[in-house]
file model.pdb (PDB, C-alpha atoms)
ATOM      1  CA  MET E  21     132.999   1.247 -39.299  1.00  0.00           C
ATOM      2  CA  THR E  22     130.605   3.446 -37.339  1.00  0.00           C
ATOM      3  CA  THR E  23     130.516   7.052 -38.523  1.00  0.00           C
ATOM      4  CA  CYS E  24     130.730   9.585 -35.707  1.00  0.00           C
ATOM      5  CA  PRO E  25     127.422  11.343 -34.938  1.00  0.00           C
ATOM      6  CA  CYS E  26     129.224  14.727 -34.796  1.00  0.00           C
ATOM      7  CA  GLY E  27     129.150  15.099 -38.585  1.00  0.00           C
ATOM      8  CA  SER E  28     132.921  14.926 -39.111  1.00  0.00           C
ATOM      9  CA  LYS E  29     132.493  11.897 -41.446  1.00  0.00           C
ATOM     10  CA  LYS E  30     135.258  10.186 -39.450  1.00  0.00           C
ATOM     11  CA  ASN E  31     135.068   6.815 -37.763  1.00  0.00           C
ATOM     12  CA  TYR E  32     133.613   7.222 -34.234  1.00  0.00           C
ATOM     13  CA  ALA E  33     136.636   5.413 -32.751  1.00  0.00           C
ATOM     14  CA  ASP E  34     138.958   7.976 -34.389  1.00  0.00           C
ATOM     15  CA  CYS E  35     136.818  11.016 -33.604  1.00  0.00           C
ATOM     16  CA  CYS E  36     134.731  11.568 -30.465  1.00  0.00           C
ATOM     17  CA  GLN E  37     134.967   8.178 -28.747  1.00  0.00           C
ATOM     18  CA  PRO E  38     138.445   8.776 -27.224  1.00  0.00           C
ATOM     19  CA  PHE E  39     137.216  12.056 -25.722  1.00  0.00           C
ATOM     20  CA  ILE E  40     133.984  10.602 -24.353  1.00  0.00           C
ATOM     21  CA  GLU E  41     135.859   7.615 -22.887  1.00  0.00           C
ATOM     22  CA  LEU E  42     138.408  10.053 -21.364  1.00  0.00           C
ATOM     23  CA  LYS E  43     141.320   8.521 -23.284  1.00  0.00           C
ATOM     24  CA  LYS E  44     142.122  11.846 -24.958  1.00  0.00           C
ATOM     25  CA  ILE E  45     141.500  15.505 -24.163  1.00  0.00           C
ATOM     26  CA  PRO E  46     139.887  17.730 -26.813  1.00  0.00           C
ATOM     27  CA  GLU E  47     142.557  20.119 -28.078  1.00  0.00           C
ATOM     28  CA  THR E  48     140.163  22.727 -29.492  1.00  0.00           C
ATOM     29  CA  PRO E  49     136.749  24.158 -28.638  1.00  0.00           C
ATOM     30  CA  GLU E  50     135.389  22.574 -31.843  1.00  0.00           C
ATOM     31  CA  GLN E  51     136.559  19.110 -30.801  1.00  0.00           C
ATOM     32  CA  LEU E  52     134.875  19.612 -27.435  1.00  0.00           C
ATOM     33  CA  MET E  53     131.673  20.868 -29.101  1.00  0.00           C
ATOM     34  CA  ARG E  54     131.572  17.864 -31.433  1.00  0.00           C
ATOM     35  CA  SER E  55     132.168  15.429 -28.561  1.00  0.00           C
ATOM     36  CA  ARG E  56     129.468  17.103 -26.459  1.00  0.00           C
ATOM     37  CA  TYR E  57     126.973  16.780 -29.330  1.00  0.00           C
ATOM     38  CA  THR E  58     127.910  13.104 -29.644  1.00  0.00           C
ATOM     39  CA  ALA E  59     127.471  12.650 -25.886  1.00  0.00           C
ATOM     40  CA  TYR E  60     123.966  14.130 -26.171  1.00  0.00           C
ATOM     41  CA  THR E  61     123.139  11.590 -28.902  1.00  0.00           C
ATOM     42  CA  GLN E  62     124.106   8.899 -26.375  1.00  0.00           C
ATOM     43  CA  ALA E  63     122.415  10.650 -23.417  1.00  0.00           C
ATOM     44  CA  ASN E  64     125.830  10.540 -21.719  1.00  0.00           C
ATOM     45  CA  MET E  65     125.162  13.202 -19.106  1.00  0.00           C
ATOM     46  CA  ASP E  66     128.308  12.353 -17.131  1.00  0.00           C
ATOM     47  CA  TYR E  67     130.428  13.629 -20.031  1.00  0.00           C
ATOM     48  CA  ILE E  68     128.223  16.678 -20.521  1.00  0.00           C
ATOM     49  CA  VAL E  69     128.526  17.649 -16.844  1.00  0.00           C
ATOM     50  CA  ARG E  70     132.278  16.940 -16.791  1.00  0.00           C
ATOM     51  CA  THR E  71     132.886  19.310 -19.728  1.00  0.00           C
ATOM     52  CA  MET E  72     131.194  22.471 -18.430  1.00  0.00           C
ATOM     53  CA  ARG E  73     132.010  25.204 -15.948  1.00  0.00           C
ATOM     54  CA  GLY E  74     130.706  28.588 -14.855  1.00  0.00           C
ATOM     55  CA  LYS E  75     127.260  29.826 -15.875  1.00  0.00           C
ATOM     56  CA  ALA E  76     126.591  26.743 -18.010  1.00  0.00           C
ATOM     57  CA  ALA E  77     127.196  24.410 -15.071  1.00  0.00           C
ATOM     58  CA  ALA E  78     125.245  26.573 -12.630  1.00  0.00           C
ATOM     59  CA  ASP E  79     122.187  26.708 -14.918  1.00  0.00           C
ATOM     60  CA  PHE E  80     122.305  23.061 -16.051  1.00  0.00           C
ATOM     61  CA  ASP E  81     119.102  21.048 -15.596  1.00  0.00           C
ATOM     62  CA  LEU E  82     120.402  17.479 -15.402  1.00  0.00           C
ATOM     63  CA  PRO E  83     117.045  15.620 -15.260  1.00  0.00           C
ATOM     64  CA  GLY E  84     115.525  17.789 -18.002  1.00  0.00           C
ATOM     65  CA  SER E  85     118.595  17.478 -20.216  1.00  0.00           C
ATOM     66  CA  ARG E  86     118.724  13.715 -19.751  1.00  0.00           C
ATOM     67  CA  GLN E  87     115.051  13.441 -20.703  1.00  0.00           C
ATOM     68  CA  TRP E  88     115.529  15.713 -23.751  1.00  0.00           C
ATOM     69  CA  ALA E  89     118.595  13.773 -24.911  1.00  0.00           C
ATOM     70  CA  THR E  90     116.874  10.402 -24.471  1.00  0.00           C
ATOM     71  CA  GLN E  91     113.602  11.369 -26.134  1.00  0.00           C
ATOM     72  CA  SER E  92     115.159  13.183 -29.107  1.00  0.00           C
ATOM     73  CA  LYS E  93     116.238  11.614 -32.369  1.00  0.00           C
ATOM     74  CA  TRP E  94     119.476  13.343 -33.294  1.00  0.00           C
ATOM     75  CA  LEU E  95     119.650  14.339 -36.967  1.00  0.00           C
ATOM     76  CA  GLY E  96     122.990  16.094 -37.314  1.00  0.00           C
ATOM     77  CA  LEU E  97     125.433  18.792 -36.321  1.00  0.00           C
ATOM     78  CA  THR E  98     126.716  21.620 -38.495  1.00  0.00           C
ATOM     79  CA  ILE E  99     129.598  23.784 -37.338  1.00  0.00           C
ATOM     80  CA  VAL E 100     128.968  27.284 -38.702  1.00  0.00           C
ATOM     81  CA  LYS E 101     132.095  28.902 -37.291  1.00  0.00           C
ATOM     82  CA  SER E 102     134.867  27.965 -34.878  1.00  0.00           C
ATOM     83  CA  GLU E 103     137.561  30.302 -33.604  1.00  0.00           C
ATOM     84  CA  ILE E 104     139.910  31.046 -30.750  1.00  0.00           C
ATOM     85  CA  ASP E 105     140.094  34.628 -29.479  1.00  0.00           C
ATOM     86  CA  LYS E 106     143.172  36.318 -30.967  1.00  0.00           C
ATOM     87  CA  THR E 107     143.752  38.479 -27.882  1.00  0.00           C
ATOM     88  CA  ASN E 108     143.154  35.682 -25.375  1.00  0.00           C
ATOM     89  CA  PRO E 109     143.887  32.150 -26.667  1.00  0.00           C
ATOM     90  CA  LYS E 110     142.250  30.656 -23.573  1.00  0.00           C
ATOM     91  CA  ILE E 111     138.808  31.664 -24.899  1.00  0.00           C
ATOM     92  CA  GLY E 112     137.150  30.000 -27.877  1.00  0.00           C
ATOM     93  CA  PHE E 113     133.840  30.225 -29.683  1.00  0.00           C
ATOM     94  CA  VAL E 114     131.857  27.736 -31.744  1.00  0.00           C
ATOM     95  CA  GLU E 115     128.672  28.588 -33.598  1.00  0.00           C
ATOM     96  CA  PHE E 116     126.698  25.464 -34.446  1.00  0.00           C
ATOM     97  CA  ILE E 117     123.343  24.127 -35.551  1.00  0.00           C
ATOM     98  CA  ALA E 118     122.141  20.893 -33.942  1.00  0.00           C
ATOM     99  CA  ARG E 119     119.155  19.286 -35.637  1.00  0.00           C
ATOM    100  CA  PHE E 120     116.889  16.843 -33.828  1.00  0.00           C
ATOM    101  CA  ARG E 121     113.375  15.451 -33.823  1.00  0.00           C
ATOM    102  CA  ALA E 122     111.333  15.843 -30.640  1.00  0.00           C
ATOM    103  CA  ASN E 123     107.588  15.567 -30.092  1.00  0.00           C
ATOM    104  CA  ASP E 124     107.197  14.447 -33.735  1.00  0.00           C
ATOM    105  CA  GLN E 125     108.646  17.739 -34.995  1.00  0.00           C
ATOM    106  CA  GLU E 126     111.998  18.441 -36.590  1.00  0.00           C
ATOM    107  CA  GLN E 127     113.729  21.183 -34.609  1.00  0.00           C
ATOM    108  CA  MET E 128     117.080  22.838 -34.393  1.00  0.00           C
ATOM    109  CA  LEU E 129     119.242  24.583 -31.854  1.00  0.00           C
ATOM    110  CA  HIS E 130     121.393  27.354 -33.355  1.00  0.00           C
ATOM    111  CA  GLU E 131     123.829  28.530 -30.707  1.00  0.00           C
ATOM    112  CA  ALA E 132     126.989  30.574 -30.318  1.00  0.00           C
ATOM    113  CA  SER E 133     128.917  28.814 -27.566  1.00  0.00           C
ATOM    114  CA  GLU E 134     131.797  30.087 -25.469  1.00  0.00           C
ATOM    115  CA  PHE E 135     134.599  27.847 -24.206  1.00  0.00           C
ATOM    116  CA  HIS E 136     137.413  28.502 -21.726  1.00  0.00           C
ATOM    117  CA  HIS E 137     140.729  26.666 -21.462  1.00  0.00           C
ATOM    118  CA  GLU E 138     141.578  25.911 -17.823  1.00  0.00           C
ATOM    119  CA  HIS E 139     144.224  23.586 -16.403  1.00  0.00           C
ATOM    120  CA  GLY E 140     144.851  21.952 -19.796  1.00  0.00           C
ATOM    121  CA  HIS E 141     141.170  21.343 -20.596  1.00  0.00           C
ATOM    122  CA  TRP E 142     138.550  23.160 -22.669  1.00  0.00           C
ATOM    123  CA  TYR E 143     135.171  23.696 -20.964  1.00  0.00           C
ATOM    124  CA  TYR E 144     131.803  24.879 -22.238  1.00  0.00           C
ATOM    125  CA  VAL E 145     130.940  27.974 -20.163  1.00  0.00           C
ATOM    126  CA  ASP E 146     128.060  29.749 -21.923  1.00  0.00           C
ATOM    127  CA  GLY E 147     125.865  29.731 -24.983  1.00  0.00           C
ATOM    128  CA  LYS E 148     123.453  32.091 -26.635  1.00  0.00           C
ATOM    129  CA  GLU E 149     120.775  30.956 -29.042  1.00  0.00           C
ATOM    130  CA  THR E 150     121.161  32.619 -32.408  1.00  0.00           C
ATOM    131  CA  THR E 151     118.395  33.713 -34.744  1.00  0.00           C
ATOM    132  CA  THR E 152     118.257  31.656 -37.919  1.00  0.00           C
ATOM    133  CA  SER E 153     116.601  32.393 -41.237  1.00  0.00           C
ATOM    134  CA  HIS E 154     113.691  30.240 -40.053  1.00  0.00           C
ATOM    135  CA  ASP E 155     113.039  32.430 -37.032  1.00  0.00           C
ATOM    136  CA  PRO E 156     111.203  35.743 -37.310  1.00  0.00           C
ATOM    137  CA  ILE E 157     113.211  38.806 -36.329  1.00  0.00           C
ATOM    138  CA  ARG E 158     111.370  40.767 -33.684  1.00  0.00           C
ATOM    139  CA  ARG E 159     111.737  44.527 -33.278  1.00  0.00           C
ATOM    140  CA  GLU E 160     112.736  45.395 -29.720  1.00  0.00           C
ATOM    141  CA  THR E 161     111.669  49.045 -29.923  1.00  0.00           C
ATOM    142  CA  ALA E 162     108.512  50.618 -31.285  1.00  0.00           C
ATOM    143  CA  LYS E 163     108.622  51.714 -34.910  1.00  0.00           C
ATOM    144  CA  VAL E 164     108.795  55.489 -35.357  1.00  0.00           C
ATOM    145  CA  GLY E 165     106.231  56.856 -37.823  1.00  0.00           C
ATOM    146  CA  ARG E 166     107.229  59.519 -40.343  1.00  0.00           C
ATOM    147  CA  ASN E 167     104.934  62.106 -38.692  1.00  0.00           C
ATOM    148  CA  ASP E 168     105.922  61.212 -35.107  1.00  0.00           C
ATOM    149  CA  PRO E 169     108.245  63.498 -33.138  1.00  0.00           C
ATOM    150  CA  CYS E 170     111.872  62.613 -33.863  1.00  0.00           C
ATOM    151  CA  PRO E 171     113.370  60.361 -31.138  1.00  0.00           C
ATOM    152  CA  CYS E 172     116.542  62.490 -31.158  1.00  0.00           C
ATOM    153  CA  GLY E 173     114.638  65.180 -29.218  1.00  0.00           C
ATOM    154  CA  SER E 174     114.957  67.972 -31.811  1.00  0.00           C
ATOM    155  CA  GLY E 175     111.243  68.764 -31.649  1.00  0.00           C
ATOM    156  CA  LYS E 176     110.902  68.256 -35.413  1.00  0.00           C
ATOM    157  CA  LYS E 177     108.859  65.554 -37.092  1.00  0.00           C
ATOM    158  CA  TYR E 178     110.859  62.392 -37.788  1.00  0.00           C
ATOM    159  CA  LYS E 179     110.444  62.819 -41.573  1.00  0.00           C
ATOM    160  CA  LYS E 180     112.025  66.315 -41.422  1.00  0.00           C
ATOM    161  CA  CYS E 181     114.895  65.273 -39.147  1.00  0.00           C
ATOM    162  CA  CYS E 182     116.619  61.891 -38.744  1.00  0.00           C
ATOM    163  CA  TYR E 183     114.457  60.033 -41.287  1.00  0.00           C
ATOM    164  CA  LYS E 184     116.630  61.525 -44.052  1.00  0.00           C
TER     165      LYS E 184
END
call {"tool": "encode", "arguments": {"input": "model.pdb", "output": "structure tokens"}}
result
Amino acid sequence: MTTCPCGSKKNYADCCQPFIELKKIPETPEQLMRSRYTAYTQANMDYIVRTMRGKAAADFDLPGSRQWATQSKWLGLTIVKSEIDKTNPKIGFVEFIARFRANDQEQMLHEASEFHHEHGHWYYVDGKETTTSHDPIRRETAKVGRNDPCPCGSGKKYKKCCYK
């Protein structure tokens, strides 16, 4: 028995293999996410390309992705959260952490991915990298000092206005 690379602890033949070999269609965004991760571990770019639409497909760097998939040692996938939009069941989201070793360094990709259901199939359409506890949080605006003018425009010092 070969355990599936997607982290499900299932046999590969009973998990992602039927999706990757196009014998079954993923029924949920999570199944598609798991099968896409597994396809990356195999550098199966045909499956990756086949399972994306929209912005993801337009921005996809096939040669770069193939090189990254081939040169990486895949260490595991963790699904953080998986859900289907309650107001629109044709939209799903999967937050995941993919761990891999590249350039002799262990790395991870923490992403919130968006999936759309079209013509009976789920497709990956977009993803945004998510900050993890290992990443520093960067302030996007300058810090306001206590003695600086209040940013609300009152003309008072920050400490005498909105600081409270």
call {"tool": "residues_around", "arguments": {"input": "model.pdb", "residues": "region 142-150 of chain E", "least_positions_apart": "2", "cutoff": "6 Å", "atoms": "all atoms listed in the file", "output": "list of chain:residue names"}}
result
E:Thr71, E:Met72, E:Arg73, E:Gly74, E:Lys75, E:Ala76, E:His130, E:Glu131, E:Ala132, E:Ser133, E:Glu134, E:Phe135, E:His136, E:His137
call {"tool": "resolve_selection", "arguments": {"input": "model.pdb", "expression": "the PyMOL selection byres ((chain E and resi 85) around 12)", "output": "list of chain:residue names"}}
result
E:Ala59, E:Tyr60, E:Thr61, E:Gln62, E:Ala63, E:Asn64, E:Met65, E:Asp66, E:Ile68, E:Val69, E:Asp79, E:Phe80, E:Asp81, E:Leu82, E:Pro83, E:Gly84, E:Arg86, E:Gln87, E:Trp88, E:Ala89, E:Thr90, E:Gln91, E:Ser92
call {"tool": "atom_distance", "arguments": {"input": "model.pdb", "atom1": "CA of Phe120 (chain E)", "atom2": "CA of Tyr57 (chain E)"}}
result
11.0 Å
call {"tool": "resolve_selection", "arguments": {"input": "model.pdb", "expression": "the PyMOL selection byres ((chain E and resi 25) around 12)", "output": "PyMOL selection string"}}
result
chain E and resi 22-24+26-33+35-37+53-62+93-98+118-120
call {"tool": "atom_distance", "arguments": {"input": "model.pdb", "atom1": "CA of Pro109 (chain E)", "atom2": "CA of Leu129 (chain E)"}}
result
26.3 Å
call {"tool": "atom_distance", "arguments": {"input": "model.pdb", "atom1": "CA of Leu42 (chain E)", "atom2": "CA of Phe116 (chain E)"}}
result
23.4 Å
call {"tool": "closest_residue", "arguments": {"input": "model.pdb", "among": "E:Pro169, E:Gly112, E:Gly175, E:Pro46", "to": "His141 (chain E)", "atoms": "all atoms listed in the file"}}
result
E:Pro46
call {"tool": "residues_around", "arguments": {"input": "model.pdb", "residues": "Glu103 (chain E)", "least_positions_apart": "5", "cutoff": "8 Å", "atoms": "all atoms listed in the file", "output": "ChimeraX atom specification"}}
result
/E:49,112-114
call {"tool": "axis_aligned_box", "arguments": {"input": "model.pdb", "around": "region 73-79 of chain E", "padding_each_side": "3 Å", "output": "JSON"}}
result
{"center_x": 127.1, "center_y": 27.1, "center_z": -15.3, "size_x": 15.8, "size_y": 11.4, "size_z": 11.4}
call {"tool": "closest_residue", "arguments": {"input": "model.pdb", "among": "E:Thr48, E:Ala77, E:Ile117, E:Glu41", "to": "Ile104 (chain E)", "atoms": "all atoms listed in the file"}}
result
E:Thr48
call {"tool": "build_atoms", "arguments": {"input": "model.pdb", "residues": "region 33-44 of chain E", "atoms": "all heavy atoms", "output": "mmCIF file, keeping the file's coordinate frame"}}
result
data_model
loop_
_atom_site.group_PDB
_atom_site.id
_atom_site.type_symbol
_atom_site.label_atom_id
_atom_site.label_comp_id
_atom_site.auth_asym_id
_atom_site.auth_seq_id
_atom_site.Cartn_x
_atom_site.Cartn_y
_atom_site.Cartn_z
ATOM 1 N N ALA E 33 135.473 5.789 -33.564
ATOM 2 C CA ALA E 33 136.636 5.413 -32.751
ATOM 3 C C ALA E 33 137.813 6.360 -32.950
ATOM 4 O O ALA E 33 138.661 6.497 -32.064
ATOM 5 C CB ALA E 33 137.062 3.981 -33.081
ATOM 6 N N ASP E 34 137.867 7.040 -34.095
ATOM 7 C CA ASP E 34 138.958 7.976 -34.389
ATOM 8 C C ASP E 34 138.552 9.425 -34.180
ATOM 9 O O ASP E 34 139.333 10.338 -34.454
ATOM 10 C CB ASP E 34 139.413 7.801 -35.845
ATOM 11 C CG ASP E 34 139.944 6.408 -36.119
ATOM 12 O OD1 ASP E 34 140.562 5.824 -35.211
ATOM 13 O OD2 ASP E 34 139.724 5.912 -37.241
ATOM 14 N N CYS E 35 137.328 9.648 -33.725
ATOM 15 C CA CYS E 35 136.818 11.016 -33.604
ATOM 16 C C CYS E 35 136.443 11.313 -32.150
ATOM 17 O O CYS E 35 137.311 11.656 -31.355
ATOM 18 C CB CYS E 35 135.633 11.210 -34.562
ATOM 19 S SG CYS E 35 135.134 12.921 -34.798
ATOM 20 N N CYS E 36 135.210 11.169 -31.794
ATOM 21 C CA CYS E 36 134.731 11.568 -30.465
ATOM 22 C C CYS E 36 134.867 10.503 -29.374
ATOM 23 O O CYS E 36 134.931 10.836 -28.191
ATOM 24 C CB CYS E 36 133.273 12.029 -30.557
ATOM 25 S SG CYS E 36 133.087 13.574 -31.472
ATOM 26 N N GLN E 37 134.914 9.246 -29.752
ATOM 27 C CA GLN E 37 134.967 8.178 -28.747
ATOM 28 C C GLN E 37 136.129 8.337 -27.757
ATOM 29 O O GLN E 37 135.903 8.220 -26.544
ATOM 30 C CB GLN E 37 135.027 6.809 -29.420
ATOM 31 C CG GLN E 37 134.967 5.660 -28.429
ATOM 32 C CD GLN E 37 134.971 4.295 -29.120
ATOM 33 O OE1 GLN E 37 135.264 4.182 -30.316
ATOM 34 N NE2 GLN E 37 134.636 3.269 -28.369
ATOM 35 N N PRO E 38 137.357 8.626 -28.207
ATOM 36 C CA PRO E 38 138.445 8.776 -27.224
ATOM 37 C C PRO E 38 138.207 9.911 -26.221
ATOM 38 O O PRO E 38 138.620 9.809 -25.071
ATOM 39 C CB PRO E 38 139.675 9.069 -28.091
ATOM 40 C CG PRO E 38 139.327 8.573 -29.454
ATOM 41 C CD PRO E 38 137.841 8.718 -29.579
ATOM 42 N N PHE E 39 137.519 10.961 -26.639
ATOM 43 C CA PHE E 39 137.216 12.056 -25.722
ATOM 44 C C PHE E 39 136.160 11.622 -24.710
ATOM 45 O O PHE E 39 136.310 11.840 -23.500
ATOM 46 C CB PHE E 39 136.718 13.291 -26.479
ATOM 47 C CG PHE E 39 137.669 13.797 -27.526
ATOM 48 C CD1 PHE E 39 137.211 14.145 -28.779
ATOM 49 C CD2 PHE E 39 139.029 13.923 -27.272
ATOM 50 C CE1 PHE E 39 138.072 14.616 -29.749
ATOM 51 C CE2 PHE E 39 139.911 14.393 -28.235
ATOM 52 C CZ PHE E 39 139.431 14.740 -29.480
ATOM 53 N N ILE E 40 135.094 11.007 -25.209
ATOM 54 C CA ILE E 40 133.984 10.602 -24.353
ATOM 55 C C ILE E 40 134.427 9.531 -23.358
ATOM 56 O O ILE E 40 133.991 9.518 -22.209
ATOM 57 C CB ILE E 40 132.786 10.139 -25.213
ATOM 58 C CG1 ILE E 40 132.197 11.371 -25.927
ATOM 59 C CG2 ILE E 40 131.727 9.433 -24.375
ATOM 60 C CD1 ILE E 40 131.152 11.069 -26.957
ATOM 61 N N GLU E 41 135.344 8.652 -23.787
ATOM 62 C CA GLU E 41 135.859 7.615 -22.887
ATOM 63 C C GLU E 41 137.047 8.103 -22.063
ATOM 64 O O GLU E 41 137.695 7.315 -21.370
ATOM 65 C CB GLU E 41 136.229 6.374 -23.695
ATOM 66 C CG GLU E 41 135.008 5.692 -24.295
ATOM 67 C CD GLU E 41 135.351 4.448 -25.094
ATOM 68 O OE1 GLU E 41 136.551 4.136 -25.287
ATOM 69 O OE2 GLU E 41 134.393 3.779 -25.532
ATOM 70 N N LEU E 42 137.345 9.402 -22.140
ATOM 71 C CA LEU E 42 138.408 10.053 -21.364
ATOM 72 C C LEU E 42 139.805 9.500 -21.658
ATOM 73 O O LEU E 42 140.686 9.545 -20.798
ATOM 74 C CB LEU E 42 138.099 9.987 -19.863
ATOM 75 C CG LEU E 42 136.714 10.472 -19.443
ATOM 76 C CD1 LEU E 42 136.517 10.312 -17.951
ATOM 77 C CD2 LEU E 42 136.503 11.916 -19.870
ATOM 78 N N LYS E 43 140.003 9.008 -22.876
ATOM 79 C CA LYS E 43 141.320 8.521 -23.284
ATOM 80 C C LYS E 43 142.153 9.629 -23.919
ATOM 81 O O LYS E 43 143.372 9.527 -23.983
ATOM 82 C CB LYS E 43 141.168 7.350 -24.256
ATOM 83 C CG LYS E 43 140.556 6.133 -23.589
ATOM 84 C CD LYS E 43 140.349 5.006 -24.548
ATOM 85 C CE LYS E 43 139.723 3.827 -23.825
ATOM 86 N NZ LYS E 43 139.344 2.752 -24.731
ATOM 87 N N LYS E 44 141.471 10.678 -24.388
ATOM 88 C CA LYS E 44 142.122 11.846 -24.958
ATOM 89 C C LYS E 44 141.393 13.094 -24.476
ATOM 90 O O LYS E 44 140.228 13.019 -24.101
ATOM 91 C CB LYS E 44 142.063 11.814 -26.497
ATOM 92 C CG LYS E 44 143.092 10.935 -27.160
ATOM 93 C CD LYS E 44 142.978 10.966 -28.678
ATOM 94 C CE LYS E 44 143.393 12.304 -29.251
ATOM 95 N NZ LYS E 44 143.320 12.341 -30.734
#
